[in-house]
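> Have a look at this one before I ask anything.
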Amino acid sequence: MKTSSLGKSDAHPFFSAHSHGFIRIATSTPQVRTADVAFNTEAILTEARRAHEASVDLVVYPELCVSSYAIDDLHLQGALLDAVEQAVDRIVTESTSLSPVLLIGAPLRRGGKIYNCALVVCSGQLLGVIPKSFLPNYREYYEKRWFAHGRSVQGQEITVAGVSVPFGTDLIFSASNLPGFCLFVEICEDYWSPNPPSTLGALAGATILANLSASNVTIGKSDERHMLARAQSSRAIAAYAYSASGHGESTTDLAWDGQGMIYELGDLLADSERFSLDPQLCIADVDCDRILSERMRNQTFNDAAEAQACPENWFRTVTFECASVGADIGLQRPIRRFPFVPGRAHKLDEDCYEAFNIQVDGLMRRMTATKAKSIVIGISGGLDSTHALIVAAKTCDRLGLDRSMIRGYTMPGFGTSDHTKSNAWKLMEAMGITAEEIDIVPAATRMLEDIGHPFADGEPVYDVTFENVQAGLRTDYLFRLSGHHSGFVLGTGDLSELALGWCTYGVGDQMSHYGVNAGVPKTLIQYLIRWSIQTSQFDPATDDVLQAILDTEISPELVPADEQGGMQSTEEKIGPYELNDFFLHHIIRWGQKPSKVAFLAYHAWNDAQQGQWPCDFPEAKKNEYDLAAIRFWLEKFLWRFFQFSQFKRSALPNGPKVSSGGALSPRGDWRAPSDAVADVWLEEMRRGVPES
């Protein structure tokens, strides 16, 4: 994503990724020549310099990269082992002028044994050495022929090139000037083990788990590595960086693909080109702040640490200072503009099917439990009621019920346009439901007269009372109709509206018998309607109406059109839903500070030409927002979410959670006081986010 002042150290702290808890990690596949220590050393340093230029904080190299891996009994040769120690000494010396922490692999001697080791090098120092715990000795592997395992090595030291440093599997490496940068290292086979050492490392506090690997390639091996890295990063609530040996290793009996990958909480951030003849540097910014936030929320993780005798109390911590902190280095990681929208292109249909059918299944259960004879729903011609209706229609289809049991009512008011009213009728007719129209203008006029509202005397006063009279009447009619027809009211309001309080409390669109859209934000509703068209969930006539509704500007249509025919715009009032949903996800799912939410939004939205968009997203709707706009709308969001609208969420009707991003039910994901103030969040944003 584009940044305003890439690489400038004098930029506002807001623009520094480090300020927001990001650590830049690279997996490196350097050139390698079998048993050529001098060549391998120079290749390692070449990639270290490249990483330095890319502002990388941590580089993970392959297993035994100093000597090369596939050299068999040459591991036992004294001349080679001497050369390795000399090479380590040179790498340590050269690292003085380099910013990244280097994780290199080498065979080292101690006490009459040889260990397959990972060495942690930083700014002219060898910080520590980690021996491999599990040595493969099956099929093509014979590591026990040369190496001693390190499973029992704890609290020890090792001398390398005349320098004594910590040695063992009980080491954590922690940056004193970047609180989230906490590293644990394991080697290749370790994470094929049923109990990877990195699990204990994570429970001891490491947020970044690194694996130096050789791992020859066979058919399907890449998928297996991805599966293990994804699972470990998810289960251990951590980042996982994996680097395997590439071209140049001996192919006497094996082949090598040089796979590098970086995962975070089960999400793939970056992976390298495999089978490349050129050195690979696979880079991604890992969000350690996000990792720590998730651990705070996951009490199972903390229980597991306690069950393992709290390893943070007996692991050794080696501290170091990260060399480059504070500059604007941009942000290298995929950021989803629409975090609630399925982002996996190869799984798109499956994910949308799942989201849609979570709603359908929830409504099916409610219908069978209540034994309702009808579903009563208000149809406005807008997105929310449209989506609720297609969910209800699918529910009837799956239960073998005639769609005529759905009773749809369009209730035009003072601001209803002919376009949306027409769409409402076309949709109800296309879906084959029982459709009726109730004009609420007479009843609304009478109520405004009864309460003495200026509009009743001909004054163009379109205030909240004017709007709520209409919204309340619609819901009142629906509840009375549900009683009259032995049914229940299907709520149409969505997660985005609940977050912003953009709903009329009590006798209004905040209330229903079942809120089928309560766990679905506006951006996902738009996408699911688009998906239902693309996958022909309904007939062509229905698809045409659905497309027309998608193309209509979002409006509550409670205020009459102006002299130019302009309709009331929701997004002009409360901000673009695509931004509000972005804010909502990062705040309720991860508890991130407003300044960080703004930083992420800036990198996601400041340039429409950069980054990925959801599949088949309309070109004309690819918007971008500068920092000033993001800050403006975020301030409004924070006030509405934290201070204004919780009382509406505290009295929500039932409705299914749909996205792992969260829901706002007081019985589920979100519990908060209705009388809180937003001062803390607003102050943090004003202090941490520049105006432009």
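The way I read the labels, and the way they are meant: chains A, B, ... in the order of the structure tokens, residue 1 as the first residue of every chain, and ligand 1 as the first ligand shown, with later ones counted on from there.
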Could you give me, as an MDAnalysis selection string, the residues within 12 Å of segment 80-86 of chain A, counting only C-alpha atoms and dropping anything in the same chain fewer than 6 positions from it?
chainID A and resid 34:41 64:68 71 73:74 92:93 104:110 113:117 119 126 159:163
> Excluding Asp271 of chain A and any residue of its chain fewer than 4 positions from it, enumerate the residues within 12 Å of it, using only C-alpha atoms, and give them as a list in words.
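Near neighbours after the sequence-gap exclusion: Ile25, Ala26, Thr27, Ser28, Thr29, Ser222, Arg225, His226, Ala229, Tyr240, Ala241, Tyr242, Ser243, Ala244, Gly258, Gln259, Gly260, Met261, Ile262, Tyr263, Asp267, Gln280, Leu281, Cys282, Ile283, Ala284, Arg333 and Pro334 of chain A.
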> Give me the residues within 7 Å of segment 587-597 of chain A as a list of chain:residue names, counting only C-alpha atoms and dropping any in the same chain fewer than 2 places off.
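Residues near the query, excluding close chain neighbours: A:His20, A:Arg290, A:Ser293, A:Glu294, A:Phe583, A:Leu584, A:His585, A:Phe599, A:Leu600, A:Ala601, A:Gly661, A:Gly662, A:Trp681, A:Glu684, A:Met685, A:Gly688, A:Val689.
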> Go ahead and write the residues just picked, N, CA and C atoms, as an mmCIF file, in the first residue's frame.

data_model
loop_
_atom_site.group_PDB
_atom_site.id
_atom_site.type_symbol
_atom_site.label_atom_id
_atom_site.label_comp_id
_atom_site.auth_asym_id
_atom_site.auth_seq_id
_atom_site.Cartn_x
_atom_site.Cartn_y
_atom_site.Cartn_z
ATOM 1 N N HIS A 20 2.723 0.835 15.825
ATOM 2 C CA HIS A 20 1.448 0.128 15.918
ATOM 3 C C HIS A 20 1.625 -1.367 16.158
ATOM 4 N N ARG A 290 -1.717 -7.455 17.586
ATOM 5 C CA ARG A 290 -2.917 -8.263 17.333
ATOM 6 C C ARG A 290 -2.801 -9.630 18.009
ATOM 7 N N SER A 293 -3.302 -9.201 21.696
ATOM 8 C CA SER A 293 -4.712 -8.905 21.948
ATOM 9 C C SER A 293 -5.537 -10.189 21.941
ATOM 10 N N GLU A 294 -5.244 -11.076 20.994
ATOM 11 C CA GLU A 294 -5.996 -12.317 20.917
ATOM 12 C C GLU A 294 -5.711 -13.207 22.120
ATOM 13 N N PHE A 583 -13.810 -0.102 10.536
ATOM 14 C CA PHE A 583 -13.569 0.333 11.921
ATOM 15 C C PHE A 583 -14.145 -0.686 12.906
ATOM 16 N N LEU A 584 -15.379 -1.103 12.636
ATOM 17 C CA LEU A 584 -16.079 -2.003 13.555
ATOM 18 C C LEU A 584 -15.313 -3.307 13.744
ATOM 19 N N HIS A 585 -14.873 -3.903 12.658
ATOM 20 C CA HIS A 585 -14.173 -5.185 12.737
ATOM 21 C C HIS A 585 -12.935 -5.079 13.615
ATOM 22 N N PHE A 599 -4.482 3.830 11.066
ATOM 23 C CA PHE A 599 -3.281 3.438 10.318
ATOM 24 C C PHE A 599 -3.609 2.319 9.332
ATOM 25 N N LEU A 600 -4.334 1.320 9.797
ATOM 26 C CA LEU A 600 -4.719 0.217 8.923
ATOM 27 C C LEU A 600 -5.669 0.692 7.822
ATOM 28 N N ALA A 601 -6.622 1.532 8.181
ATOM 29 C CA ALA A 601 -7.563 2.051 7.192
ATOM 30 C C ALA A 601 -6.837 2.883 6.145
ATOM 31 N N GLY A 661 -15.669 -12.298 12.787
ATOM 32 C CA GLY A 661 -15.343 -10.918 13.133
ATOM 33 C C GLY A 661 -16.127 -10.405 14.321
ATOM 34 N N GLY A 662 -17.243 -11.073 14.624
ATOM 35 C CA GLY A 662 -17.965 -10.709 15.833
ATOM 36 C C GLY A 662 -19.401 -10.300 15.579
ATOM 37 N N TRP A 681 -11.366 6.922 23.856
ATOM 38 C CA TRP A 681 -11.099 6.573 22.462
ATOM 39 C C TRP A 681 -10.925 7.820 21.599
ATOM 40 N N GLU A 684 -7.492 9.351 22.379
ATOM 41 C CA GLU A 684 -6.398 8.578 21.784
ATOM 42 C C GLU A 684 -6.311 8.844 20.287
ATOM 43 N N MET A 685 -7.448 8.926 19.631
ATOM 44 C CA MET A 685 -7.441 9.196 18.196
ATOM 45 C C MET A 685 -6.917 10.588 17.888
ATOM 46 N N GLY A 688 -3.190 10.619 18.501
ATOM 47 C CA GLY A 688 -2.344 9.715 17.729
ATOM 48 C C GLY A 688 -2.461 9.804 16.225
ATOM 49 N N VAL A 689 -3.498 10.493 15.716
ATOM 50 C CA VAL A 689 -3.711 10.537 14.265
ATOM 51 C C VAL A 689 -3.593 11.974 13.776
#
> Point out the residue among A:Glu635, A:Glu497, A:Asp551, A:Glu572 with the least atom-to-atom distance to Lys621 of chain A, counting only C-alpha atoms.
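Once distances to Lys621 of chain A are computed over only C-alpha atoms, the minimum belongs to A:Asp551.
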> Name all residues at most 8 Å from Val153 of chain A (count only C-alpha atoms; drop same-chain ones fewer than 3 positions away) and give them as an MDAnalysis selection string.
chainID A and resid 131 150 156 167:170
> Check segment 7-55 of chain A with DSSP on the backbone and list each residue it calls strand (DSSP E or B), as a list in words.
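Everything in segment 7-55 of chain A that counts as strand (DSSP E or B) is Phe22, Ile23, Arg24, Ile25, Ala26, Thr27, Ser28 and Thr29 of chain A.
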> For the residues in the current selection, export C-alpha atoms as a PDB file, in the first residue's frame.

ATOM      1  CA  PHE A  22       4.236  -4.412  13.537  1.00  0.00           C
ATOM      2  CA  ILE A  23       7.481  -6.361  13.102  1.00  0.00           C
ATOM      3  CA  ARG A  24       8.911  -6.854   9.606  1.00  0.00           C
ATOM      4  CA  ILE A  25       9.917 -10.468   9.042  1.00  0.00           C
ATOM      5  CA  ALA A  26      11.634 -12.066   6.064  1.00  0.00           C
ATOM      6  CA  THR A  27      12.305 -15.662   5.161  1.00  0.00           C
ATOM      7  CA  SER A  28      15.457 -15.983   3.091  1.00  0.00           C
ATOM      8  CA  THR A  29      16.531 -18.639   0.622  1.00  0.00           C
TER       9      THR A  29
END
> Looking at only C-alpha atoms, which of A:Ala70, A:Phe455, A:Gly326, A:Asp397 is the one that sits closest to Ala255 of chain A?
A:Ala70
> Please return as a PyMOL selection string: the residues of segment 552-585 of chain A that backbone DSSP assigns to alpha helix (DSSP H).
chain A and resi 570-574+577-585
> Save the residues we just selected, all heavy atoms, as a CSV table (one decimal), in the first residue's frame?

chain,number,residue,atom,x,y,z
A,570,THR,N,-28.0,8.1,3.8
A,570,THR,CA,-27.5,7.6,5.0
A,570,THR,C,-26.0,7.8,5.2
A,570,THR,O,-25.5,8.3,6.2
A,570,THR,CB,-27.8,6.1,5.1
A,570,THR,OG1,-29.2,5.9,5.2
A,570,THR,CG2,-27.2,5.5,6.4
A,571,GLU,N,-25.2,7.5,4.1
A,571,GLU,CA,-23.8,7.6,4.2
A,571,GLU,C,-23.2,9.0,4.3
A,571,GLU,O,-22.2,9.2,4.9
A,571,GLU,CB,-23.1,6.8,3.1
A,571,GLU,CG,-23.4,5.3,3.2
A,571,GLU,CD,-22.7,4.5,2.1
A,571,GLU,OE1,-23.0,4.7,0.9
A,571,GLU,OE2,-21.9,3.6,2.4
A,572,GLU,N,-24.0,10.0,3.8
A,572,GLU,CA,-23.6,11.4,4.0
A,572,GLU,C,-23.7,11.8,5.5
A,572,GLU,O,-23.0,12.7,6.0
A,572,GLU,CB,-24.4,12.3,3.1
A,572,GLU,CG,-24.0,12.3,1.7
A,572,GLU,CD,-24.9,13.2,0.8
A,572,GLU,OE1,-25.7,14.0,1.4
A,572,GLU,OE2,-24.7,13.2,-0.4
A,573,LYS,N,-24.6,11.1,6.2
A,573,LYS,CA,-24.9,11.4,7.6
A,573,LYS,C,-23.9,10.7,8.5
A,573,LYS,O,-23.4,11.3,9.4
A,573,LYS,CB,-26.3,11.1,7.9
A,573,LYS,CG,-26.8,11.3,9.4
A,573,LYS,CD,-27.0,12.8,9.6
A,573,LYS,CE,-27.6,13.0,11.0
A,573,LYS,NZ,-27.9,14.4,11.3
A,574,ILE,N,-23.8,9.4,8.3
A,574,ILE,CA,-23.0,8.6,9.3
A,574,ILE,C,-21.7,8.1,8.8
A,574,ILE,O,-20.9,7.5,9.5
A,574,ILE,CB,-23.8,7.4,9.8
A,574,ILE,CG1,-24.2,6.5,8.7
A,574,ILE,CG2,-25.0,7.9,10.6
A,574,ILE,CD1,-24.9,5.3,9.1
A,577,TYR,N,-20.4,3.1,4.7
A,577,TYR,CA,-20.5,1.8,5.4
A,577,TYR,C,-19.2,1.0,5.3
A,577,TYR,O,-18.8,0.3,6.2
A,577,TYR,CB,-21.7,1.0,4.9
A,577,TYR,CG,-22.9,1.4,5.6
A,577,TYR,CD1,-24.0,2.0,5.0
A,577,TYR,CD2,-23.1,1.2,7.0
A,577,TYR,CE1,-25.2,2.3,5.6
A,577,TYR,CE2,-24.3,1.5,7.7
A,577,TYR,CZ,-25.3,2.1,7.0
A,577,TYR,OH,-26.5,2.4,7.6
A,578,GLU,N,-18.5,1.1,4.1
A,578,GLU,CA,-17.3,0.3,3.9
A,578,GLU,C,-16.2,0.8,4.9
A,578,GLU,O,-15.4,-0.1,5.4
A,578,GLU,CB,-16.8,0.4,2.5
A,578,GLU,CG,-16.6,1.8,2.0
A,578,GLU,CD,-16.5,1.9,0.5
A,578,GLU,OE1,-16.8,0.8,-0.2
A,578,GLU,OE2,-16.1,2.9,-0.1
A,579,LEU,N,-16.2,2.0,5.3
A,579,LEU,CA,-15.2,2.5,6.3
A,579,LEU,C,-15.7,2.1,7.7
A,579,LEU,O,-15.0,1.6,8.6
A,579,LEU,CB,-15.0,4.0,6.3
A,579,LEU,CG,-14.0,4.6,5.3
A,579,LEU,CD1,-13.9,6.1,5.5
A,579,LEU,CD2,-12.7,3.9,5.4
A,580,ASN,N,-17.0,2.3,8.0
A,580,ASN,CA,-17.6,2.0,9.3
A,580,ASN,C,-17.4,0.5,9.6
A,580,ASN,O,-17.1,0.1,10.7
A,580,ASN,CB,-19.0,2.4,9.4
A,580,ASN,CG,-19.2,3.9,9.6
A,580,ASN,OD1,-18.4,4.5,10.3
A,580,ASN,ND2,-20.2,4.5,8.9
A,581,ASP,N,-17.6,-0.4,8.6
A,581,ASP,CA,-17.5,-1.8,8.8
A,581,ASP,C,-16.0,-2.1,9.1
A,581,ASP,O,-15.7,-3.0,9.9
A,581,ASP,CB,-18.0,-2.6,7.7
A,581,ASP,CG,-19.5,-2.7,7.6
A,581,ASP,OD1,-20.2,-2.1,8.6
A,581,ASP,OD2,-20.1,-3.2,6.7
A,582,PHE,N,-15.1,-1.5,8.4
A,582,PHE,CA,-13.7,-1.6,8.7
A,582,PHE,C,-13.3,-1.3,10.1
A,582,PHE,O,-12.7,-2.0,10.8
A,582,PHE,CB,-12.9,-0.8,7.7
A,582,PHE,CG,-11.4,-1.0,7.7
A,582,PHE,CD1,-10.8,-1.9,6.8
A,582,PHE,CD2,-10.6,-0.4,8.6
A,582,PHE,CE1,-9.4,-2.1,6.9
A,582,PHE,CE2,-9.2,-0.6,8.7
A,582,PHE,CZ,-8.6,-1.5,7.8
A,583,PHE,N,-13.8,-0.1,10.5
A,583,PHE,CA,-13.6,0.3,11.9
A,583,PHE,C,-14.1,-0.7,12.9
A,583,PHE,O,-13.5,-1.1,13.9
A,583,PHE,CB,-14.2,1.7,12.2
A,583,PHE,CG,-13.8,2.8,11.3
A,583,PHE,CD1,-14.6,3.9,11.0
A,583,PHE,CD2,-12.5,2.8,10.7
A,583,PHE,CE1,-14.2,5.0,10.2
A,583,PHE,CE2,-12.1,3.9,9.9
A,583,PHE,CZ,-13.0,4.9,9.7
A,584,LEU,N,-15.4,-1.1,12.6
A,584,LEU,CA,-16.1,-2.0,13.6
A,584,LEU,C,-15.3,-3.3,13.7
A,584,LEU,O,-15.1,-3.8,14.9
A,584,LEU,CB,-17.5,-2.3,13.0
A,584,LEU,CG,-18.3,-3.3,13.8
A,584,LEU,CD1,-18.6,-2.8,15.2
A,584,LEU,CD2,-19.6,-3.6,13.1
A,585,HIS,N,-14.9,-3.9,12.7
A,585,HIS,CA,-14.2,-5.2,12.7
A,585,HIS,C,-12.9,-5.1,13.6
A,585,HIS,O,-12.7,-5.9,14.5
A,585,HIS,CB,-13.8,-5.6,11.3
A,585,HIS,CG,-12.9,-6.9,11.3
A,585,HIS,ND1,-13.4,-8.1,11.4
A,585,HIS,CD2,-11.6,-7.0,11.3
A,585,HIS,CE1,-12.4,-9.0,11.4
A,585,HIS,NE2,-11.3,-8.4,11.3
> Between atom CA of Arg631 of chain A and atom CA of Arg687 of chain A, what is the distance, to one decimal in Å?
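So the two atoms, atom CA of Arg631 of chain A and atom CA of Arg687 of chain A, lie 11.5 Å apart.
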> Applying 8 Å and only C-alpha atoms, which residues near segment 518-535 of chain A remain after dropping the ones on its own chain fewer than 3 positions away? List them as a ChimeraX atom specification.
/A:338,340-341,349,352,356,383-384,387,492-498,515,538,543,546-547,550,577-578,581,655-659,662-664
> Excluding Ala388 of chain A and any residue of its chain fewer than 6 positions from it, enumerate the residues within 8 Å of it, using only C-alpha atoms, and give them as a PyMOL selection string.
chain A and resi 490-492+516-517
> So that I have them on file, write out the residues from the current selection with all heavy atoms, as an mmCIF file, in the first residue's frame.

data_model
loop_
_atom_site.group_PDB
_atom_site.id
_atom_site.type_symbol
_atom_site.label_atom_id
_atom_site.label_comp_id
_atom_site.auth_asym_id
_atom_site.auth_seq_id
_atom_site.Cartn_x
_atom_site.Cartn_y
_atom_site.Cartn_z
ATOM 1 N N LEU A 490 -40.024 -10.654 11.342
ATOM 2 C CA LEU A 490 -38.630 -10.907 10.991
ATOM 3 C C LEU A 490 -37.897 -9.569 10.887
ATOM 4 O O LEU A 490 -38.229 -8.729 10.048
ATOM 5 C CB LEU A 490 -38.545 -11.662 9.661
ATOM 6 C CG LEU A 490 -37.147 -12.146 9.276
ATOM 7 C CD1 LEU A 490 -36.629 -13.167 10.274
ATOM 8 C CD2 LEU A 490 -37.161 -12.750 7.870
ATOM 9 N N GLY A 491 -36.930 -9.364 11.775
ATOM 10 C CA GLY A 491 -36.176 -8.120 11.755
ATOM 11 C C GLY A 491 -35.258 -8.040 10.556
ATOM 12 O O GLY A 491 -34.743 -9.056 10.075
ATOM 13 N N THR A 492 -35.037 -6.837 10.084
ATOM 14 C CA THR A 492 -34.205 -6.638 8.894
ATOM 15 C C THR A 492 -32.937 -5.850 9.189
ATOM 16 O O THR A 492 -32.016 -5.830 8.374
ATOM 17 C CB THR A 492 -35.006 -5.914 7.795
ATOM 18 O OG1 THR A 492 -35.401 -4.619 8.280
ATOM 19 C CG2 THR A 492 -36.244 -6.707 7.408
ATOM 20 N N VAL A 516 -32.716 -11.600 11.898
ATOM 21 C CA VAL A 516 -31.930 -12.519 11.075
ATOM 22 C C VAL A 516 -30.653 -11.871 10.530
ATOM 23 O O VAL A 516 -29.665 -12.558 10.240
ATOM 24 C CB VAL A 516 -32.809 -13.081 9.926
ATOM 25 C CG1 VAL A 516 -33.052 -12.014 8.857
ATOM 26 C CG2 VAL A 516 -32.200 -14.324 9.332
ATOM 27 N N ASN A 517 -30.642 -10.549 10.409
ATOM 28 C CA ASN A 517 -29.466 -9.839 9.886
ATOM 29 C C ASN A 517 -28.563 -9.267 10.980
ATOM 30 O O ASN A 517 -27.598 -8.568 10.674
ATOM 31 C CB ASN A 517 -29.898 -8.677 8.986
ATOM 32 C CG ASN A 517 -30.448 -9.133 7.655
ATOM 33 O OD1 ASN A 517 -30.193 -10.259 7.225
ATOM 34 N ND2 ASN A 517 -31.202 -8.265 6.993
#
> Using only C-alpha atoms for the distances, tell me which of A:Val391, A:Thr445, A:Val56, A:Ser276 is nearest to Tyr353 of chain A.
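Distance minimum relative to Tyr353 of chain A lands on A:Val391.
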> Taking only C-alpha atoms into account, name the residue in A:Pro196, A:Thr420, A:Ser660, A:Val441 that is nearest to Glu553 of chain A.
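Going through A:Pro196, A:Thr420, A:Ser660, A:Val441 one by one, the smallest distance to Glu553 of chain A is for A:Thr420.
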> Report, in Å with one decimal, the straight-line distance from atom CA of Trp639 of chain A to atom CA of Asp675 of chain A.
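Distance reported for this atom pair: 12.3 Å.
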> At what distance in Å, to one decimal, does atom CA of Leu98 of chain A lie from atom CA of His52 of chain A?
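The value is 5.8 Å.
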> Counting only C-alpha atoms, what is within 9 Å of Phe181 of chain A, bar same-chain residues fewer than 2 positions away, as number ranges by chain?
A: 21-23, 173-179, 183, 206-208, 288, 322
> Write out, as an mmCIF file, in the first residue's frame, the residues just selected, with C-alpha atoms.

data_model
loop_
_atom_site.group_PDB
_atom_site.id
_atom_site.type_symbol
_atom_site.label_atom_id
_atom_site.label_comp_id
_atom_site.auth_asym_id
_atom_site.auth_seq_id
_atom_site.Cartn_x
_atom_site.Cartn_y
_atom_site.Cartn_z
ATOM 1 C CA GLY A 21 3.060 -3.163 16.933
ATOM 2 C CA PHE A 22 4.236 -4.412 13.537
ATOM 3 C CA ILE A 23 7.481 -6.361 13.102
ATOM 4 C CA PHE A 173 14.625 -13.464 22.502
ATOM 5 C CA SER A 174 12.879 -10.205 23.336
ATOM 6 C CA ALA A 175 13.390 -6.700 21.935
ATOM 7 C CA SER A 176 13.678 -4.141 24.726
ATOM 8 C CA ASN A 177 12.444 -1.303 22.495
ATOM 9 C CA LEU A 178 9.622 -3.178 20.732
ATOM 10 C CA PRO A 179 7.476 -4.861 23.416
ATOM 11 C CA LEU A 183 10.989 -14.716 19.405
ATOM 12 C CA ALA A 206 6.906 -15.724 22.238
ATOM 13 C CA THR A 207 4.751 -13.998 19.647
ATOM 14 C CA ILE A 208 6.948 -14.953 16.685
ATOM 15 C CA CYS A 288 2.395 -8.639 17.293
ATOM 16 C CA CYS A 322 15.958 -3.616 17.601
#
> Nearest residue to Phe617 of chain A out of A:Leu265, A:Ile451, A:Leu473, A:Ala345, using only C-alpha atoms?
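Going through A:Leu265, A:Ile451, A:Leu473, A:Ala345 one by one, the smallest distance to Phe617 of chain A is for A:Ala345.
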